[in-house]
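**Q** I am sharing start-v3.txt, which consists of compact mmCIF, C-alpha atoms and all ligand atoms:
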```txt
# COMPACT_ATOMS: atom_id res chain seq x y z
CA MET A 184 12.94 30.51 27.12
CA PRO A 185 14.41 27.71 24.98
CA PHE A 186 12.86 27.32 21.58
CA ALA A 187 13.30 25.14 18.51
CA THR A 188 12.58 26.06 14.91
CA VAL A 189 10.46 23.26 13.51
CA ASN A 190 8.44 23.16 10.28
CA GLY A 191 9.27 26.85 9.80
CA ILE A 192 7.83 27.96 13.14
CA ARG A 193 9.13 28.62 16.64
CA LEU A 194 8.16 26.17 19.37
CA VAL A 195 8.88 27.12 22.97
CA TYR A 196 9.70 24.21 25.26
CA ASP A 197 11.28 23.24 28.60
CA ILE A 198 13.14 20.13 29.69
CA ARG A 199 13.49 19.10 33.35
CA GLY A 200 14.25 16.01 35.38
CA GLN A 201 16.00 12.70 34.89
CA GLY A 202 14.72 9.36 33.72
CA ILE A 203 12.16 8.20 31.18
CA PRO A 204 11.56 10.87 28.52
CA VAL A 205 7.95 12.07 28.75
CA LEU A 206 6.51 14.53 26.24
CA TRP A 207 3.59 16.30 27.90
CA ILE A 208 0.95 17.73 25.53
CA HIS A 209 -1.39 20.37 26.90
CA GLY A 210 -5.08 20.83 26.12
CA PHE A 211 -7.21 23.78 25.05
CA PRO A 212 -7.00 26.72 25.81
CA LEU A 213 -3.96 26.00 27.94
CA GLY A 214 -0.16 25.93 27.58
CA ARG A 215 2.94 24.08 28.72
CA TRP A 216 2.43 25.53 32.20
CA LEU A 217 -0.42 23.03 32.58
CA TRP A 218 2.17 20.43 33.55
CA ASP A 219 3.97 22.39 36.27
CA PRO A 220 2.47 20.15 38.99
CA GLN A 221 3.93 17.07 37.28
CA VAL A 222 7.36 18.27 36.15
CA GLU A 223 8.90 18.94 39.58
CA ALA A 224 7.11 16.17 41.44
CA LEU A 225 8.21 13.53 38.93
CA ALA A 226 11.70 14.94 38.26
CA ASP A 227 13.38 11.90 39.81
CA ILE A 228 11.71 9.48 37.40
CA ALA A 229 10.79 11.48 34.27
CA ARG A 230 12.77 13.67 31.92
CA SER A 231 9.87 15.95 31.14
CA ILE A 232 9.60 17.83 27.88
CA THR A 233 6.83 20.43 27.90
CA VAL A 234 6.00 22.54 24.88
CA ASP A 235 3.57 25.22 23.79
CA LEU A 236 1.82 23.78 20.72
CA ARG A 237 1.77 26.03 17.66
CA GLY A 238 -0.61 28.90 18.31
CA PHE A 239 -0.27 28.74 22.11
CA GLY A 240 1.79 30.66 24.67
CA GLY A 241 5.20 31.70 23.35
CA SER A 242 5.15 29.53 20.21
CA SER A 243 4.42 30.96 16.76
CA ALA A 244 0.79 31.34 15.79
CA PRO A 245 0.82 31.11 11.99
CA GLU A 246 -2.34 31.27 9.93
CA GLY A 247 -4.34 28.04 9.85
CA PRO A 248 -5.68 25.66 9.01
CA TYR A 249 -4.21 23.55 11.81
CA THR A 250 -4.84 19.83 12.16
CA MET A 251 -4.01 17.24 14.79
CA GLU A 252 -1.52 15.87 12.28
CA THR A 253 0.18 19.30 12.04
CA TYR A 254 0.64 19.41 15.80
CA ALA A 255 1.95 15.82 15.77
CA ALA A 256 4.45 16.65 13.00
CA ASP A 257 5.62 19.66 15.02
CA LEU A 258 6.21 17.43 18.03
CA ARG A 259 8.10 14.87 16.01
CA GLY A 260 10.26 17.71 14.65
CA LEU A 261 10.91 18.89 18.20
CA LEU A 262 11.98 15.41 19.31
CA ASP A 263 14.28 15.16 16.27
CA THR A 264 15.84 18.51 17.15
CA LEU A 265 16.34 17.40 20.75
CA GLY A 266 17.75 14.02 19.67
CA VAL A 267 15.09 12.10 21.60
CA ASP A 268 14.13 8.81 19.92
CA HIS A 269 11.42 7.37 22.16
CA VAL A 270 9.03 9.02 24.54
CA VAL A 271 6.07 8.38 26.69
CA LEU A 272 3.41 10.69 25.26
CA ALA A 273 1.14 12.24 27.85
CA GLY A 274 -1.77 14.26 26.47
CA LEU A 275 -4.64 15.92 28.29
CA SER A 276 -7.87 16.42 26.37
CA MET A 277 -6.87 18.10 23.10
CA GLY A 278 -3.36 16.90 23.98
CA GLY A 279 -4.83 13.39 23.88
CA TYR A 280 -6.22 14.04 20.39
CA VAL A 281 -2.68 15.07 19.37
CA ALA A 282 -1.22 11.98 21.06
CA PHE A 283 -3.57 9.76 19.01
CA ALA A 284 -2.46 11.54 15.81
CA PHE A 285 1.19 11.16 16.81
CA TYR A 286 0.78 7.46 17.59
CA ALA A 287 -1.06 6.86 14.30
CA ALA A 288 1.75 8.52 12.30
CA TYR A 289 4.90 7.66 14.28
CA PRO A 290 4.21 4.62 16.50
CA GLU A 291 7.89 3.68 16.49
CA ARG A 292 8.67 6.80 18.54
CA VAL A 293 6.22 5.97 21.34
CA ARG A 294 7.14 3.91 24.37
CA GLY A 295 3.94 4.42 26.30
CA LEU A 296 0.81 6.57 26.34
CA ILE A 297 -0.86 8.55 29.08
CA LEU A 298 -4.33 9.62 27.96
CA ALA A 299 -5.72 12.09 30.46
CA ASP A 300 -9.27 13.47 30.42
CA THR A 301 -9.60 12.88 26.71
CA ARG A 302 -11.77 10.96 24.27
CA HIS A 303 -11.31 8.80 21.20
CA GLN A 304 -14.52 9.83 19.40
CA ALA A 305 -14.75 12.69 16.91
CA ASP A 306 -17.03 15.66 17.57
CA THR A 307 -20.77 15.22 17.17
CA PRO A 308 -22.32 17.53 14.55
CA GLU A 309 -23.59 19.70 17.39
CA ALA A 310 -20.18 19.98 19.07
CA ARG A 311 -18.62 20.82 15.69
CA ALA A 312 -21.18 23.56 15.07
CA ASN A 313 -20.52 25.00 18.54
CA ARG A 314 -16.82 25.21 17.77
CA TYR A 315 -17.41 27.11 14.53
CA ALA A 316 -19.78 29.47 16.35
CA LEU A 317 -17.09 30.09 18.96
CA ILE A 318 -14.55 30.77 16.20
CA GLU A 319 -16.82 33.57 14.96
CA ARG A 320 -17.06 34.99 18.48
CA ILE A 321 -13.27 34.92 18.88
CA ARG A 322 -12.86 36.70 15.55
CA ALA A 323 -15.15 39.45 16.87
CA GLU A 324 -14.15 39.58 20.54
CA GLY A 325 -10.69 38.01 20.76
CA THR A 326 -9.19 35.51 23.20
CA PRO A 327 -11.48 36.31 26.20
CA ALA A 328 -14.45 34.84 24.31
CA ALA A 329 -12.74 31.44 24.23
CA ILE A 330 -11.72 31.54 27.87
CA GLU A 331 -15.20 32.58 28.98
CA ALA A 332 -16.73 29.70 27.01
CA PHE A 333 -14.33 27.03 28.27
CA LEU A 334 -13.52 28.02 31.85
CA PRO A 335 -16.73 26.72 33.47
CA ARG A 336 -16.27 23.31 31.80
CA LEU A 337 -12.66 22.80 32.78
CA PHE A 338 -12.96 22.38 36.53
CA GLY A 339 -14.86 19.85 38.58
CA ALA A 340 -17.61 20.83 41.00
CA THR A 341 -15.28 20.41 44.00
CA THR A 342 -12.68 22.81 42.60
CA GLN A 343 -15.33 25.34 41.55
CA ARG A 344 -16.81 25.26 45.05
CA GLU A 345 -13.63 25.21 47.12
CA ARG A 346 -10.76 26.71 45.09
CA SER A 347 -11.75 29.88 43.30
CA GLU A 348 -8.15 31.17 43.55
CA LEU A 349 -6.89 28.25 41.44
CA VAL A 350 -9.57 28.91 38.81
CA GLU A 351 -8.57 32.59 38.71
CA THR A 352 -4.83 31.87 38.42
CA LEU A 353 -5.36 29.52 35.49
CA ARG A 354 -7.80 31.91 33.86
CA ARG A 355 -5.11 34.59 33.75
CA LYS A 356 -2.67 32.16 32.14
CA MET A 357 -5.22 31.08 29.52
CA LEU A 358 -5.77 34.71 28.54
CA THR A 359 -2.18 34.96 27.29
CA ASN A 360 -2.97 32.73 24.28
CA PRO A 361 -3.30 34.53 20.92
CA ALA A 362 -6.69 34.46 19.18
CA ALA A 363 -5.22 33.07 15.93
CA GLY A 364 -3.94 29.96 17.71
CA LEU A 365 -7.24 29.36 19.51
CA ILE A 366 -9.11 29.61 16.22
CA GLY A 367 -6.68 27.16 14.62
CA ALA A 368 -7.09 24.71 17.51
CA LEU A 369 -10.89 24.87 17.50
CA GLN A 370 -10.92 24.08 13.81
CA ALA A 371 -8.43 21.24 14.30
CA MET A 372 -10.62 19.77 17.05
CA ALA A 373 -13.78 20.14 14.96
CA GLU A 374 -12.23 18.28 12.03
CA ARG A 375 -10.31 15.61 13.94
CA PRO A 376 -10.95 11.98 12.99
CA ASP A 377 -12.59 9.37 15.15
CA ARG A 378 -9.96 7.10 16.73
CA THR A 379 -12.13 4.14 17.73
CA GLU A 380 -10.42 1.89 15.20
CA LEU A 381 -6.97 2.90 16.43
CA LEU A 382 -7.62 1.72 20.00
CA PRO A 383 -7.18 -2.05 19.46
CA ARG A 384 -4.04 -1.34 17.40
CA ILE A 385 -2.25 0.48 20.22
CA GLN A 386 0.62 -1.77 21.20
CA VAL A 387 2.29 0.20 23.98
CA PRO A 388 1.41 0.24 27.67
CA THR A 389 -1.24 2.89 28.23
CA LEU A 390 -2.51 4.73 31.28
CA VAL A 391 -5.98 6.19 30.93
CA ILE A 392 -6.54 8.71 33.69
CA VAL A 393 -9.60 10.86 34.36
CA GLY A 394 -11.09 13.12 37.00
CA GLU A 395 -14.29 11.60 38.38
CA GLU A 396 -16.02 14.99 37.97
CA ASP A 397 -14.87 15.53 34.37
CA GLY A 398 -17.91 16.65 32.37
CA VAL A 399 -16.02 17.18 29.07
CA ALA A 400 -14.46 13.72 28.76
CA PRO A 401 -16.25 11.81 31.51
CA PRO A 402 -15.11 8.62 33.29
CA GLU A 403 -17.49 6.54 31.17
CA VAL A 404 -15.57 7.53 28.02
CA ALA A 405 -12.26 6.83 29.76
CA ARG A 406 -13.55 3.38 30.69
CA GLN A 407 -14.46 2.68 27.04
CA MET A 408 -10.98 3.76 25.93
CA ALA A 409 -9.25 1.62 28.54
CA GLU A 410 -11.37 -1.38 27.54
CA GLY A 411 -10.59 -0.82 23.86
CA ILE A 412 -6.79 -0.60 24.22
CA PRO A 413 -5.11 -4.00 24.72
CA ASN A 414 -2.60 -3.05 27.43
CA ALA A 415 -4.32 -0.23 29.27
CA GLN A 416 -5.11 0.55 32.87
CA LEU A 417 -7.64 3.05 34.14
CA VAL A 418 -7.17 5.42 37.07
CA VAL A 419 -10.06 7.61 38.24
CA ILE A 420 -9.10 10.64 40.31
CA PRO A 421 -11.56 11.61 43.05
CA ARG A 422 -12.64 15.25 43.59
CA ALA A 423 -11.20 16.38 40.23
CA GLY A 424 -12.68 17.50 36.93
CA HIS A 425 -11.31 17.96 33.42
CA LEU A 426 -7.97 19.38 34.62
CA ALA A 427 -7.37 16.44 36.95
CA ASN A 428 -3.58 16.90 36.91
CA VAL A 429 -3.93 20.39 38.37
CA GLU A 430 -6.97 19.85 40.56
CA ALA A 431 -5.61 16.73 42.29
CA PRO A 432 -1.89 16.60 41.49
CA GLU A 433 -0.94 14.15 44.26
CA ALA A 434 -3.32 11.43 43.10
CA PHE A 435 -2.57 12.13 39.45
CA ASN A 436 1.18 11.98 40.01
CA GLU A 437 0.88 8.78 42.01
CA GLY A 438 -0.90 7.15 39.07
CA VAL A 439 1.72 8.37 36.61
CA ARG A 440 4.62 7.38 38.87
CA SER A 441 3.33 3.87 39.26
CA PHE A 442 2.77 3.60 35.48
CA LEU A 443 6.27 4.88 34.62
CA SER A 444 7.89 2.64 37.25
CA ASN A 445 6.38 -0.42 35.61
CA LEU A 446 7.41 0.39 32.03
C1 LIG B 501 -9.47 20.56 26.03
O1 LIG B 501 -9.46 20.61 27.27
O2 LIG B 501 -8.44 20.39 25.38
C2 LIG B 501 -10.78 20.74 25.34
O3 LIG B 501 -11.79 20.89 26.29
C3 LIG B 501 -11.09 19.58 24.48
C4 LIG B 501 -12.37 19.73 23.70
O4 LIG B 501 -12.98 20.80 23.68
O5 LIG B 501 -12.75 18.74 23.03
```
Translate the structure of the given file into structure tokens.
**A**
Amino acid sequence: MPFATVNGIRLVYDIRGQGIPVLWIHGFPLGRWLWDPQVEALADIARSITVDLRGFGGSSAPEGPYTMETYAADLRGLLDTLGVDHVVLAGLSMGGYVAFAFYAAYPERVRGLILADTRHQADTPEARANRYALIERIRAEGTPAAIEAFLPRLFGATTQRERSELVETLRRKMLTNPAAGLIGALQAMAERPDRTELLPRIQVPTLVIVGEEDGVAPPEVARQMAEGIPNAQLVVIPRAGHLANVEAPEAFNEGVRSFLSNL
């Protein structure tokens, strides 16, 4: 398992494929394995870098607090270590929140953005309170509390009805995340800034992509983001929910391939 030491912690990553460098940023409570359906299928066009964010998978899980800016600084450190100057940043959900933080801090490193099943708004007070309540449950019960809370929201109705084996496989992978990292991520999400004012300032080509059955970051939010970003296109993936890249990889990859081909 290759790893880099960045900002005093260990970040586990993989690199595969040839072509445009793409840094894929996973969501919560996931890991770099989220992007397996993209890495191989796009290996002829994308040099894919996948990484476990701090607190996830095989990466270090130091004490918090974590912020979106911390994750972004880690990723910049990783790119520096790998000698990669410019990337397309692809973030799903929480990965999208990190991509916004990265773009806000280091726009010169970004060649394009793929914002998948994510949102630009900050948490509502209710959503923030729910995250802090879940943090308390994780402190008491460990990682399974987080997975139990999130699993039903992650998949679309079609996947839940027709593909219970996929849900089960991903559930097992999510359970490998350490509690400390999940707590850090929940707090980082709760405290993340609103990015509405960043949208019109995004100057790189952007693909906004969303599962039509996504209940966490629904198509309506994706539409608002795409309308707010000057050079953005929107792709809606049928029969997929919040994990559109895993639930409908062919359609997702087709959208990404076409976007990368036109960069
Ligand atoms: C994620 O998939 O990363 C999370 O559902 C995002 C969130 O809870 O806001």
**Q** Give me, as JSON, numbers by chain, all polymer residues having an atom no more than 9 Å from A:Leu225, counting only C-alpha atoms and skipping those fewer than 6 positions away in the same chain.
**A** {"A": [200, 201, 231, 436, 439, 440]}
**Q** Within 7 Å of stretch 384-394 of chain A, counting all atoms listed in the file, which residues show up once you throw out same-chain ones fewer than 6 positions away? Write them as a list of chain:residue names, please.
**A** A:Arg294, A:Gly295, A:Leu296, A:Ile297, A:Leu298, A:Ala299, A:Asp300, A:Pro402, A:Ala405, A:Ala409, A:Ile412, A:Pro413, A:Asn414, A:Ala415, A:Gln416, A:Leu417, A:Val418, A:Val419, A:Ile420, A:Pro421, A:Ala423, A:Gly424, A:His425, A:Ala427, A:Phe442
**Q** Let me have all residues with an atom within 6 Å of ligand LIG 501 (chain B), counting only C-alpha atoms and all ligand atoms, laid out as a ChimeraX atom specification.
**A** /A:210-211,276-277
**Q** Near stretch 363-380 of chain A, within 8 Å and counting all atoms listed in the file, which residues show up once chain neighbours fewer than 2 positions away are dropped, as an MDAnalysis selection string?
**A** chainID A and resid 211:212 237:239 244:251 277 280 283 303:306 310:311 314:315 318 321 326 329 360:361 382:384
**Q** Would you mind exporting C-alpha atoms of the selected residues as a PDB file, in the coordinates of the input?
**A**
```
ATOM      1  CA  PHE A 211      -7.210  23.780  25.050  1.00  0.00           C
ATOM      2  CA  PRO A 212      -7.000  26.720  25.810  1.00  0.00           C
ATOM      3  CA  ARG A 237       1.770  26.030  17.660  1.00  0.00           C
ATOM      4  CA  GLY A 238      -0.610  28.900  18.310  1.00  0.00           C
ATOM      5  CA  PHE A 239      -0.270  28.740  22.110  1.00  0.00           C
ATOM      6  CA  ALA A 244       0.790  31.340  15.790  1.00  0.00           C
ATOM      7  CA  PRO A 245       0.820  31.110  11.990  1.00  0.00           C
ATOM      8  CA  GLU A 246      -2.340  31.270   9.930  1.00  0.00           C
ATOM      9  CA  GLY A 247      -4.340  28.040   9.850  1.00  0.00           C
ATOM     10  CA  PRO A 248      -5.680  25.660   9.010  1.00  0.00           C
ATOM     11  CA  TYR A 249      -4.210  23.550  11.810  1.00  0.00           C
ATOM     12  CA  THR A 250      -4.840  19.830  12.160  1.00  0.00           C
ATOM     13  CA  MET A 251      -4.010  17.240  14.790  1.00  0.00           C
ATOM     14  CA  MET A 277      -6.870  18.100  23.100  1.00  0.00           C
ATOM     15  CA  TYR A 280      -6.220  14.040  20.390  1.00  0.00           C
ATOM     16  CA  PHE A 283      -3.570   9.760  19.010  1.00  0.00           C
ATOM     17  CA  HIS A 303     -11.310   8.800  21.200  1.00  0.00           C
ATOM     18  CA  GLN A 304     -14.520   9.830  19.400  1.00  0.00           C
ATOM     19  CA  ALA A 305     -14.750  12.690  16.910  1.00  0.00           C
ATOM     20  CA  ASP A 306     -17.030  15.660  17.570  1.00  0.00           C
ATOM     21  CA  ALA A 310     -20.180  19.980  19.070  1.00  0.00           C
ATOM     22  CA  ARG A 311     -18.620  20.820  15.690  1.00  0.00           C
ATOM     23  CA  ARG A 314     -16.820  25.210  17.770  1.00  0.00           C
ATOM     24  CA  TYR A 315     -17.410  27.110  14.530  1.00  0.00           C
ATOM     25  CA  ILE A 318     -14.550  30.770  16.200  1.00  0.00           C
ATOM     26  CA  ILE A 321     -13.270  34.920  18.880  1.00  0.00           C
ATOM     27  CA  THR A 326      -9.190  35.510  23.200  1.00  0.00           C
ATOM     28  CA  ALA A 329     -12.740  31.440  24.230  1.00  0.00           C
ATOM     29  CA  ASN A 360      -2.970  32.730  24.280  1.00  0.00           C
ATOM     30  CA  PRO A 361      -3.300  34.530  20.920  1.00  0.00           C
ATOM     31  CA  LEU A 382      -7.620   1.720  20.000  1.00  0.00           C
ATOM     32  CA  PRO A 383      -7.180  -2.050  19.460  1.00  0.00           C
ATOM     33  CA  ARG A 384      -4.040  -1.340  17.400  1.00  0.00           C
TER      34      ARG A 384
END
```
**Q** Give the answer as one residue: which of A:Leu381, A:Ala187, A:Ala431, A:Ala362 has the shortest atom-to-atom distance to A:Thr342, using all atoms listed in the file?
**A** A:Ala431
**Q** For the atom pair atom CA of A:Val293 and atom CA of A:Pro204, what is the interatomic distance in Å to one decimal place?
**A**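 Calculated distance between atom CA of A:Val293 and atom CA of A:Pro204 is 10.2 Å.
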**Q** Counting all atoms listed in the file, write as a list of chain:residue names all protein and nucleic acid residues lying at most 12 Å from (12.9, 28.0, 31.0) in the file's frame.
**A**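 Answer for this query, in the requested form: A:Met184, A:Pro185, A:Phe186, A:Val195, A:Tyr196, A:Asp197, A:Ile198, A:Arg199, A:Arg215, A:Trp216, A:Asp219, A:Ile232, A:Thr233, A:Val234, A:Gly241.
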**Q** With all atoms listed in the file as the atoms that count, which of A:Glu410, A:Asp235, A:Asp263, A:Glu291 lies nearest to A:Leu194?
**A**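 Closest candidate: A:Asp235.
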**Q** Using all atoms listed in the file, can you tell me which of A:Gly279, A:Leu443, A:Ser347, A:Glu403 comes closest to A:Arg230?
**A** A:Leu443
**Q** Kindly list the centre and edge lengths in Å, rounded to one decimal, for the axis-aligned box that covers all listed atoms of stretch 293-303 of chain A plus 8 Å on each of its six sides, as JSON.
**A**
```
{"center_x": -2.3, "center_y": 8.7, "center_z": 25.8, "size_x": 34.9, "size_y": 25.6, "size_z": 25.3}
```
**Q** Quote the spacing between atom CA of A:Phe285 and atom CA of A:Ile192 in Å to one decimal place.
**A** 18.4 Å
**Q** Pick out the closest residue to A:Ile208 from this set: A:Glu437, A:Pro327, A:Tyr289, A:Val270. Count all atoms listed in the file.
**A** A:Val270
**Q** Just give me the gap between atom CA of A:His269 and atom CA of A:Val205 in Å, one decimal is fine.
**A**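 We find that atom CA of A:His269 and atom CA of A:Val205 lie 8.8 Å from each other.
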**Q** Report as a list in words all protein, DNA and RNA residues lying within 8 Å of A:Asn428, evaluated on only C-alpha atoms, omitting residues in the same chain fewer than 2 positions from it.
**A**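 The residues satisfying every condition are Trp218, Pro220, Gln221, Leu426, Glu430, Ala431, Pro432, Phe435 and Asn436 of chain A.
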**Q** Next, the residues of the selection above should be written as a PDB file, in the coordinates of the input with C-alpha atoms.
**A**
```pdb
ATOM      1  CA  TRP A 218       2.170  20.430  33.550  1.00  0.00           C
ATOM      2  CA  PRO A 220       2.470  20.150  38.990  1.00  0.00           C
ATOM      3  CA  GLN A 221       3.930  17.070  37.280  1.00  0.00           C
ATOM      4  CA  LEU A 426      -7.970  19.380  34.620  1.00  0.00           C
ATOM      5  CA  GLU A 430      -6.970  19.850  40.560  1.00  0.00           C
ATOM      6  CA  ALA A 431      -5.610  16.730  42.290  1.00  0.00           C
ATOM      7  CA  PRO A 432      -1.890  16.600  41.490  1.00  0.00           C
ATOM      8  CA  PHE A 435      -2.570  12.130  39.450  1.00  0.00           C
ATOM      9  CA  ASN A 436       1.180  11.980  40.010  1.00  0.00           C
TER      10      ASN A 436
END
```
**Q** Find the spatial neighbours of A:Asp257, counting only C-alpha atoms, within a cut-off of 9 Å - ignore same-chain residues fewer than 3 positions away - and output them as a PDB file with C-alpha atoms, keeping the file's coordinate frame.
**A**
```
ATOM      1  CA  VAL A 189      10.460  23.260  13.510  1.00  0.00           C
ATOM      2  CA  ASN A 190       8.440  23.160  10.280  1.00  0.00           C
ATOM      3  CA  ILE A 192       7.830  27.960  13.140  1.00  0.00           C
ATOM      4  CA  LEU A 194       8.160  26.170  19.370  1.00  0.00           C
ATOM      5  CA  LEU A 236       1.820  23.780  20.720  1.00  0.00           C
ATOM      6  CA  ARG A 237       1.770  26.030  17.660  1.00  0.00           C
ATOM      7  CA  GLU A 252      -1.520  15.870  12.280  1.00  0.00           C
ATOM      8  CA  THR A 253       0.180  19.300  12.040  1.00  0.00           C
ATOM      9  CA  TYR A 254       0.640  19.410  15.800  1.00  0.00           C
ATOM     10  CA  GLY A 260      10.260  17.710  14.650  1.00  0.00           C
ATOM     11  CA  LEU A 261      10.910  18.890  18.200  1.00  0.00           C
ATOM     12  CA  LEU A 262      11.980  15.410  19.310  1.00  0.00           C
TER      13      LEU A 262
END
```
**Q** Which is closest to A:Gly339 among A:Thr359, A:Glu351, A:Glu223, A:Val399, if we use only C-alpha atoms?
**A**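 Smallest separation from A:Gly339 among the options: A:Val399.
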**Q** Which residue gives the smallest distance to A:Gly191 among A:Ser243, A:Thr341, A:Trp207, A:Ile228, with all atoms listed in the file counted?
**A**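 For A:Gly191, the nearest of the candidates is A:Ser243.
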